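*Asks:* Take a look at final.txt, compact mmCIF, C-alpha atoms:
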```
# COMPACT_ATOMS: atom_id res chain seq x y z
CA MET A 22 0.00 0.00 0.00
CA ASN A 23 2.77 2.33 0.97
CA ALA A 24 4.60 1.52 -2.21
CA ALA A 25 1.53 2.26 -4.27
CA ARG A 26 1.11 5.61 -2.62
CA THR A 27 4.73 6.69 -3.03
CA LEU A 28 5.06 5.45 -6.57
CA PRO A 29 3.65 8.56 -8.29
CA LEU A 30 5.84 10.67 -6.02
CA GLN A 31 8.92 8.69 -6.94
CA ALA A 32 8.03 8.84 -10.60
CA GLY A 33 7.62 12.58 -10.27
CA ALA A 34 11.01 12.93 -8.59
CA TRP A 35 12.57 10.72 -11.25
CA LEU A 36 11.09 12.79 -14.06
CA ASP A 37 12.13 16.00 -12.32
CA ARG A 38 15.72 14.83 -12.15
CA ARG A 39 15.79 13.65 -15.75
CA TRP A 40 14.37 17.01 -16.79
CA ARG A 41 17.04 18.92 -14.92
CA GLN A 42 19.77 16.72 -16.34
CA ALA A 43 18.56 17.42 -19.84
CA ALA A 44 18.07 21.12 -19.09
CA THR A 45 21.57 21.42 -17.61
CA GLY A 46 23.04 19.75 -20.66
CA PHE A 47 21.04 22.03 -22.92
CA CYS A 48 22.20 25.13 -21.02
CA PHE A 49 25.84 24.11 -21.29
CA LEU A 50 25.38 23.44 -24.98
CA VAL A 51 23.92 26.93 -25.41
CA PHE A 52 26.79 28.34 -23.36
CA GLY A 53 29.39 26.76 -25.63
CA VAL A 54 27.66 27.61 -28.89
CA VAL A 55 27.05 31.23 -27.91
CA GLY A 56 30.63 31.55 -26.67
CA LEU A 57 31.91 30.35 -30.02
CA LEU A 58 29.46 32.30 -32.20
CA PHE A 59 29.66 35.57 -30.25
CA GLY A 60 33.41 35.13 -30.15
CA VAL A 61 33.67 35.40 -33.92
CA THR A 62 30.80 37.85 -34.53
CA VAL A 63 29.54 40.13 -31.75
CA PHE A 64 32.88 40.55 -29.97
CA PRO A 65 34.94 41.45 -33.05
CA ALA A 66 32.17 43.76 -34.29
CA ALA A 67 32.11 45.61 -30.97
CA CYS A 68 35.84 45.63 -30.39
CA LEU A 69 37.28 46.19 -33.85
CA SER A 70 35.14 49.27 -34.42
CA THR A 71 37.35 51.23 -32.02
CA ARG A 72 41.05 51.89 -32.12
CA ASP A 73 41.34 52.30 -28.39
CA PRO A 74 42.16 48.93 -26.78
CA ALA A 75 40.77 50.14 -23.44
CA VAL A 76 37.42 50.91 -25.05
CA ALA A 77 37.42 47.53 -26.83
CA LYS A 78 38.07 45.73 -23.57
CA ARG A 79 35.34 47.68 -21.78
CA ARG A 80 32.83 46.79 -24.48
CA ALA A 81 33.83 43.11 -24.45
CA GLN A 82 33.47 42.94 -20.66
CA TRP A 83 30.08 44.58 -20.89
CA ILE A 84 28.93 41.99 -23.45
CA VAL A 85 30.22 39.16 -21.25
CA SER A 86 28.33 40.61 -18.28
CA ARG A 87 25.05 40.94 -20.21
CA TRP A 88 25.45 37.46 -21.65
CA PHE A 89 26.23 35.88 -18.26
CA SER A 90 23.22 37.63 -16.76
CA ALA A 91 21.03 36.25 -19.55
CA PHE A 92 22.55 32.80 -19.14
CA SER A 93 21.87 32.83 -15.38
CA ARG A 94 18.23 33.65 -16.12
CA LEU A 95 18.11 30.89 -18.72
CA MET A 96 19.25 28.39 -16.08
CA ARG A 97 16.67 29.71 -13.66
CA PHE A 98 13.96 29.57 -16.33
CA ALA A 99 14.92 25.96 -17.11
CA GLY A 100 14.42 25.15 -13.44
CA VAL A 101 18.04 24.15 -12.87
CA ILE A 102 18.98 26.80 -10.32
CA SER A 103 17.54 29.67 -8.33
CA TRP A 104 19.40 32.41 -6.52
CA GLU A 105 19.22 35.38 -4.23
CA ILE A 106 21.85 38.10 -3.97
CA HIS A 107 22.33 40.63 -1.20
CA GLY A 108 24.29 43.85 -1.70
CA ALA A 109 24.75 43.41 -5.47
CA GLY A 110 25.15 47.18 -5.94
CA LYS A 111 28.50 47.09 -4.13
CA LEU A 112 29.94 44.90 -6.89
CA ARG A 113 29.79 47.74 -9.41
CA GLN A 114 32.24 49.99 -7.57
CA ARG A 115 35.43 50.32 -9.64
CA GLY A 116 38.98 49.75 -8.51
CA GLN A 117 38.40 47.05 -5.94
CA LEU A 118 39.56 43.48 -5.51
CA ILE A 119 36.51 41.24 -5.34
CA ILE A 120 37.22 37.92 -3.64
CA ALA A 121 34.73 35.06 -3.43
CA ASN A 122 34.65 31.49 -2.26
CA HIS A 123 34.17 28.99 -5.07
CA PRO A 124 31.71 26.14 -4.46
CA THR A 125 30.41 25.61 -8.02
CA LEU A 126 31.22 25.80 -11.70
CA ILE A 127 28.85 28.69 -12.37
CA ASP A 128 29.84 31.08 -9.54
CA VAL A 129 31.69 33.28 -11.98
CA VAL A 130 28.73 33.39 -14.35
CA LEU A 131 26.32 34.50 -11.63
CA LEU A 132 28.72 37.13 -10.26
CA ILE A 133 29.88 38.66 -13.54
CA GLY A 134 26.22 38.98 -14.53
CA TYR A 135 26.09 41.73 -11.90
CA ILE A 136 29.39 43.45 -12.80
CA PRO A 137 29.45 45.32 -16.13
CA GLN A 138 33.18 45.88 -15.98
CA VAL A 139 35.61 43.60 -14.24
CA ASP A 140 38.89 41.83 -14.94
CA CYS A 141 39.12 38.23 -13.97
CA ILE A 142 41.75 35.52 -13.57
CA VAL A 143 40.78 32.44 -15.56
CA LYS A 144 42.54 29.16 -15.86
CA GLU A 145 44.91 28.69 -18.73
CA ALA A 146 42.90 25.81 -20.23
CA LEU A 147 39.99 28.15 -21.03
CA PHE A 148 42.27 30.13 -23.35
CA ARG A 149 42.70 26.96 -25.39
CA ASN A 150 39.04 25.88 -25.28
CA PRO A 151 37.36 26.93 -28.58
CA PHE A 152 34.08 27.70 -26.80
CA THR A 153 35.57 30.11 -24.28
CA ARG A 154 38.80 31.41 -25.75
CA PHE A 155 37.41 34.22 -27.91
CA PRO A 156 35.20 35.98 -25.33
CA ILE A 157 37.82 35.79 -22.57
CA THR A 158 40.54 36.99 -24.90
CA TRP A 159 38.45 39.94 -26.10
CA ALA A 160 37.56 40.76 -22.50
CA GLY A 161 41.24 40.88 -21.59
CA TYR A 162 40.98 38.36 -18.77
CA ILE A 163 44.22 37.32 -17.15
CA SER A 164 45.56 33.75 -17.41
CA ASN A 165 46.45 32.01 -14.16
CA ARG A 166 49.70 30.89 -15.71
CA SER A 167 52.04 33.53 -17.01
CA GLY A 168 54.22 32.62 -19.96
CA SER A 169 56.92 30.04 -19.42
CA GLY A 170 60.09 31.56 -18.12
CA ALA A 171 58.18 34.41 -16.52
CA PRO A 172 59.14 35.06 -12.90
CA PRO A 173 56.70 33.73 -10.29
CA THR A 174 55.82 37.31 -9.38
CA GLN A 175 54.53 38.07 -12.89
CA LEU A 176 50.87 37.23 -12.24
CA VAL A 177 50.77 39.21 -8.99
CA ASP A 178 52.43 42.18 -10.70
CA ASP A 179 49.99 42.10 -13.63
CA CYS A 180 46.95 41.91 -11.39
CA ALA A 181 48.16 44.65 -9.05
CA ALA A 182 48.85 46.87 -12.06
CA ALA A 183 45.33 46.30 -13.41
CA LEU A 184 43.85 47.24 -10.04
CA ARG A 185 45.99 50.33 -9.66
CA ALA A 186 44.87 51.41 -13.12
CA GLY A 187 41.36 51.61 -11.68
CA ASN A 188 39.89 48.32 -12.90
CA SER A 189 38.15 45.92 -10.59
CA LEU A 190 39.42 42.37 -10.42
CA LEU A 191 37.43 39.27 -9.50
CA ILE A 192 39.41 36.43 -7.94
CA PHE A 193 38.56 33.13 -6.33
CA PRO A 194 41.50 33.06 -3.88
CA GLU A 195 41.24 29.29 -3.45
CA GLY A 196 42.38 29.08 -7.06
CA THR A 197 39.96 26.27 -7.81
CA ARG A 198 36.56 25.02 -6.69
CA SER A 199 36.50 23.87 -3.07
CA VAL A 200 35.72 20.26 -2.30
CA PRO A 201 32.47 20.01 -0.29
CA GLY A 202 33.12 18.99 3.30
CA GLN A 203 36.84 19.81 3.05
CA PRO A 204 38.37 22.83 4.76
CA ILE A 205 38.99 25.83 2.52
CA HIS A 206 42.60 26.33 1.50
CA ILE A 207 43.75 29.73 0.28
CA PRO A 208 47.22 30.13 -1.27
CA HIS A 209 48.84 33.51 -0.67
CA GLY A 210 48.89 34.85 -4.21
CA SER A 211 45.61 36.78 -3.98
CA ALA A 212 46.61 38.35 -0.67
CA ARG A 213 49.84 39.50 -2.30
CA ILE A 214 47.80 41.11 -5.06
CA ALA A 215 45.62 42.92 -2.50
CA LEU A 216 48.63 44.16 -0.54
CA GLN A 217 50.62 45.21 -3.57
CA ALA A 218 47.70 47.02 -5.20
CA GLY A 219 46.59 48.76 -2.00
CA VAL A 220 42.93 48.77 -3.04
CA PRO A 221 39.83 47.88 -0.98
CA VAL A 222 38.90 44.20 -0.85
CA LEU A 223 35.25 43.25 -1.29
CA PRO A 224 34.46 39.77 0.08
CA VAL A 225 31.59 37.81 -1.47
CA THR A 226 30.25 34.61 0.04
CA ILE A 227 28.53 32.05 -2.17
CA GLN A 228 26.48 29.16 -0.87
CA CYS A 229 24.67 26.60 -2.98
CA GLU A 230 22.09 24.35 -1.35
CA PRO A 231 21.87 21.54 -2.28
CA ILE A 232 25.35 21.65 -3.73
CA MET A 233 25.63 21.08 -7.48
CA LEU A 234 28.31 21.45 -10.15
CA SER A 235 30.96 21.10 -7.46
CA LYS A 236 34.49 19.84 -7.90
CA HIS A 237 34.90 16.18 -8.92
CA VAL A 238 31.14 15.89 -9.58
CA PRO A 239 30.06 15.53 -13.23
CA TRP A 240 27.51 18.09 -14.43
CA HIS A 241 24.86 15.44 -15.12
CA ARG A 242 24.72 14.30 -11.50
CA VAL A 243 21.99 16.73 -10.47
CA PRO A 244 20.83 17.09 -6.85
CA ALA A 245 17.36 16.12 -5.62
CA ARG A 246 16.17 19.72 -5.91
CA PRO A 247 17.38 22.66 -8.01
CA GLY A 248 20.43 24.25 -6.37
CA HIS A 249 19.62 27.53 -4.63
CA PHE A 250 22.44 30.06 -4.57
CA ARG A 251 22.71 32.57 -1.77
CA ILE A 252 25.21 35.28 -2.62
CA VAL A 253 26.09 37.79 0.07
CA VAL A 254 28.28 40.76 -0.82
CA GLY A 255 30.18 41.96 2.26
CA ASP A 256 31.60 45.42 2.86
CA PRO A 257 34.84 46.72 1.33
CA VAL A 258 37.82 46.31 3.64
CA ASP A 259 41.09 48.25 3.79
CA VAL A 260 43.94 45.76 4.25
CA SER A 261 46.92 48.14 4.30
CA HIS A 262 47.47 47.68 8.04
CA TYR A 263 48.57 44.09 7.41
CA LEU A 264 51.67 45.50 5.73
CA ARG A 265 52.35 47.92 8.56
CA GLU A 266 51.98 45.25 11.23
CA ALA A 267 54.12 42.55 9.60
CA ARG A 268 57.86 42.76 9.00
CA SER A 269 57.58 41.47 5.44
CA THR A 270 55.05 41.18 2.63
CA ALA A 271 55.35 37.39 2.80
CA ILE A 272 54.16 37.38 6.40
CA ALA A 273 51.45 39.98 5.79
CA ALA A 274 50.15 37.87 2.88
CA ARG A 275 50.04 34.78 5.09
CA ARG A 276 48.11 36.54 7.81
CA LEU A 277 45.66 38.05 5.34
CA SER A 278 45.11 34.67 3.63
CA ARG A 279 44.50 33.08 7.02
CA ASP A 280 41.92 35.72 7.89
CA TRP A 281 40.18 35.27 4.55
CA THR A 282 40.08 31.51 5.13
CA ARG A 283 38.46 32.08 8.50
CA TYR A 284 35.97 34.53 7.02
CA PHE A 285 34.85 32.14 4.29
CA GLU A 286 34.76 29.14 6.62
CA LEU A 287 32.55 31.12 8.96
CA HIS A 288 30.19 32.44 6.30
CA ARG A 289 29.79 29.65 3.84
CA GLY A 290 28.04 27.71 6.59
CA GLY A 291 25.27 30.28 6.63
CA ALA A 292 26.16 32.46 9.62
CA ALA A 293 25.18 36.12 9.60
CA PRO A 294 27.62 38.31 7.66
CA ILE A 295 30.18 40.25 9.66
CA ALA A 296 33.12 42.34 8.53
CA PRO A 297 36.27 40.31 7.97
CA SER A 298 39.27 41.15 10.09
CA GLY A 299 40.43 44.60 9.06
CA ARG A 300 38.85 47.98 8.98
CA ALA A 301 35.74 48.68 7.03
CA VAL A 302 36.18 51.35 4.40
CA THR A 303 33.80 54.19 4.98
CA GLN A 304 32.48 55.70 1.83
CA MET B 22 85.75 28.03 6.72
CA SER B 23 84.55 24.61 7.73
CA THR B 24 81.50 23.22 5.96
CA PRO B 25 78.48 22.97 8.25
CA THR B 26 77.04 19.55 8.98
CA LYS B 27 73.69 18.40 7.71
CA ASP B 28 72.12 19.06 11.11
CA GLU B 29 73.50 22.56 11.22
CA ILE B 30 72.13 23.28 7.77
CA PHE B 31 68.74 21.92 8.81
CA GLU B 32 68.68 24.19 11.87
CA ARG B 33 69.61 27.17 9.71
CA VAL B 34 66.87 26.39 7.17
CA LYS B 35 64.37 25.95 9.99
CA THR B 36 65.31 29.30 11.51
CA LEU B 37 64.95 30.97 8.12
CA LEU B 38 61.50 29.45 7.53
CA VAL B 39 60.32 30.64 10.93
CA GLU B 40 61.81 34.12 10.58
CA LEU B 41 60.82 34.74 6.98
CA PHE B 42 57.37 33.16 6.89
CA GLU B 43 56.23 32.59 10.48
CA VAL B 44 56.13 28.87 9.81
CA ASP B 45 55.26 26.90 12.95
CA PRO B 46 58.65 25.45 14.05
CA ALA B 47 56.92 22.23 15.15
CA LYS B 48 55.93 21.59 11.54
CA VAL B 49 59.45 21.89 10.14
CA ALA B 50 60.80 18.39 9.59
CA PRO B 51 62.99 16.98 6.80
CA GLU B 52 60.01 15.27 5.17
CA ALA B 53 57.70 18.33 5.39
CA GLN B 54 56.48 19.50 1.98
CA LEU B 55 57.33 23.16 1.48
CA TYR B 56 54.15 24.02 -0.40
CA ASP B 57 51.57 21.58 0.95
CA ASP B 58 52.63 21.48 4.60
CA LEU B 59 54.39 24.79 5.19
CA GLU B 60 52.59 26.94 2.58
CA VAL B 61 55.84 28.23 1.16
CA ASP B 62 54.90 29.19 -2.41
CA SER B 63 57.05 30.01 -5.41
CA ILE B 64 57.22 33.71 -4.50
CA ASP B 65 58.27 32.91 -0.92
CA ALA B 66 60.92 30.63 -2.40
CA ILE B 67 62.62 33.64 -3.99
CA ASP B 68 63.16 35.18 -0.54
CA LEU B 69 64.34 31.87 0.85
CA ILE B 70 66.85 31.35 -1.97
CA LEU B 71 68.22 34.87 -1.50
CA GLN B 72 68.83 34.13 2.16
CA LEU B 73 70.49 30.81 1.34
CA LYS B 74 72.76 32.64 -1.05
CA ASP B 75 73.95 34.81 1.83
CA TYR B 76 74.30 31.74 4.03
CA THR B 77 76.40 29.70 1.62
CA GLY B 78 78.28 32.61 0.13
CA LYS B 79 77.95 30.81 -3.21
CA LYS B 80 76.36 31.87 -6.41
CA VAL B 81 72.86 30.38 -6.37
CA ARG B 82 70.85 29.77 -9.49
CA PRO B 83 67.09 29.14 -9.31
CA GLU B 84 67.73 25.86 -11.17
CA ASP B 85 69.59 24.57 -8.11
CA PHE B 86 66.23 24.52 -6.33
CA LYS B 87 64.06 23.43 -9.23
CA HIS B 88 63.43 19.92 -7.91
CA VAL B 89 63.17 20.92 -4.28
CA ARG B 90 59.89 19.78 -2.70
CA THR B 91 60.65 19.11 0.96
CA VAL B 92 62.71 20.72 3.70
CA GLY B 93 65.12 17.78 3.36
CA ASP B 94 65.54 18.64 -0.35
CA VAL B 95 66.50 22.19 0.63
CA VAL B 96 69.09 20.89 3.06
CA GLU B 97 70.57 18.64 0.36
CA ALA B 98 70.62 21.44 -2.19
CA VAL B 99 72.45 23.66 0.31
CA GLN B 100 74.87 20.83 1.06
CA SER B 101 75.78 20.46 -2.58
CA LEU B 102 76.18 24.25 -2.83
CA PHE B 103 78.72 24.13 -0.01
CA ALA B 104 80.47 21.25 -1.76
CA ALA B 105 80.60 23.14 -5.06
CA PRO B 106 83.89 24.90 -5.86
```
Using the file provided, produce a representation of the structure as structure tokens.
*Replies:*
Amino acid sequence: MNAARTLPLQAGAWLDRRWRQAATGFCFLVFGVVGLLFGVTVFPAACLSTRDPAVAKRRAQWIVSRWFSAFSRLMRFAGVISWEIHGAGKLRQRGQLIIANHPTLIDVVLLIGYIPQVDCIVKEALFRNPFTRFPITWAGYISNRSGSGAPPTQLVDDCAAALRAGNSLLIFPEGTRSVPGQPIHIPHGSARIALQAGVPVLPVTIQCEPIMLSKHVPWHRVPARPGHFRIVVGDPVDVSHYLREARSTAIAARRLSRDWTRYFELHRGGAAPIAPSGRAVTQ
Amino acid sequence: MSTPTKDEIFERVKTLLVELFEVDPAKVAPEAQLYDDLEVDSIDAIDLILQLKDYTGKKVRPEDFKHVRTVGDVVEAVQSLFAAP
């Protein structure tokens, strides 16, 4: 009797999952095709019609932002995800280092959808992927691996220079998606960028419940329900006192990375947002 | 100048790691991985190599430390620097 009663429910859940698998696959297909097509049409049209490389880059980043926003809504429309964002307006401020934790594959898509102009560090492989290489090249995103033979400081120098020039930069300081259930690990590179650039740091916490598109999990393994993203934009923080209080940049970068780790560990669990260690920037 | 022993070199490397990077001294052991266990990254390594140059008084090339992964590897690399003409 019990079985008979739960059968329609189970069938419904089964269908729901199959639907979201298909919808996720469809969305990714659209993502790839648009990336390729826009990359050889819209982006060149927008960028080659100006001689000023800065203008071209600004236009390309704006297109990426609009497209990512549309793609996020497509995923929501398909019933694959839902999201809420708090403090999105703070993302638009220029000349800040935006740091976020990195639970899922689409964090960057959701975030950039709210930021019309932002530089971004992307992994080297995406510069070789035909579906992503054109948009990210037009947008002037920075590769996580500087050319062979380049000194280890090259990436930090490039990012700090971009920030000092007044651009915003979005980084996932963990460098890669975190593994659910594992402690967050933050290498010191991003902290070095923050310290060297001397710009405010804007922390963003991303939670996805139930978790989907996480590291080591194939895209077609969808959770029981659509993943709901909760994105909380914190307040900008001045980190310059780390340099004053430590006797070297290496130590300041370690302390800052440790404090970021604590901040994200505290907030990704769903606690109320508080300012990370450091002084809030009053604007 | 007499060449320091392996233990002396280890103690020197340990002191440097603690002074330069605030590494927890309890974690510094010959088998400790520089990056995974002590969080000494490639940029930190530049500082460390500069200090080891002062320590050995030899010309140090980054290649000498290319295959260094553990604290024990550092000690060995320093040993061979001392042995070099």
*Asks:* Could you list, as a ChimeraX atom specification, the residues of chain B having an atom within 9 Å of chain A when counting all atoms listed in the file?
*Replies:* /B:41-43,60-65,67-68
*Asks:* Need to verify the contact set: range 147-161 of chain A, 8 Å, all atoms listed in the file, exclusion of same-chain residues closer than 3 positions in sequence. Can you return it as a list in words?
*Replies:*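 My list of contacting residues is Gly53, Val54, Val55, Gly56, Leu57, Phe59, Gly60, Val61, Phe64, Pro65, Cys68, Ala77, Lys78, Arg79, Arg80, Ala81, Gln82, Val85, Asp140, Val143, Lys144 and Ser164 of chain A.
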*Asks:* Using all atoms listed in the file, which residue out of B:Tyr76, B:Phe103, B:Leu55, B:Lys35 lies closest to His88 in chain B?
*Replies:*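 With all atoms listed in the file as the atom set, the closest residue is B:Leu55.
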*Asks:* Mind pulling up the distance from CA of Ala146 in chain A to CA of Ala186 in chain A?
*Replies:*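 So the two atoms, CA of Ala186 in chain A and CA of Ala146 in chain A, lie 26.6 Å apart.
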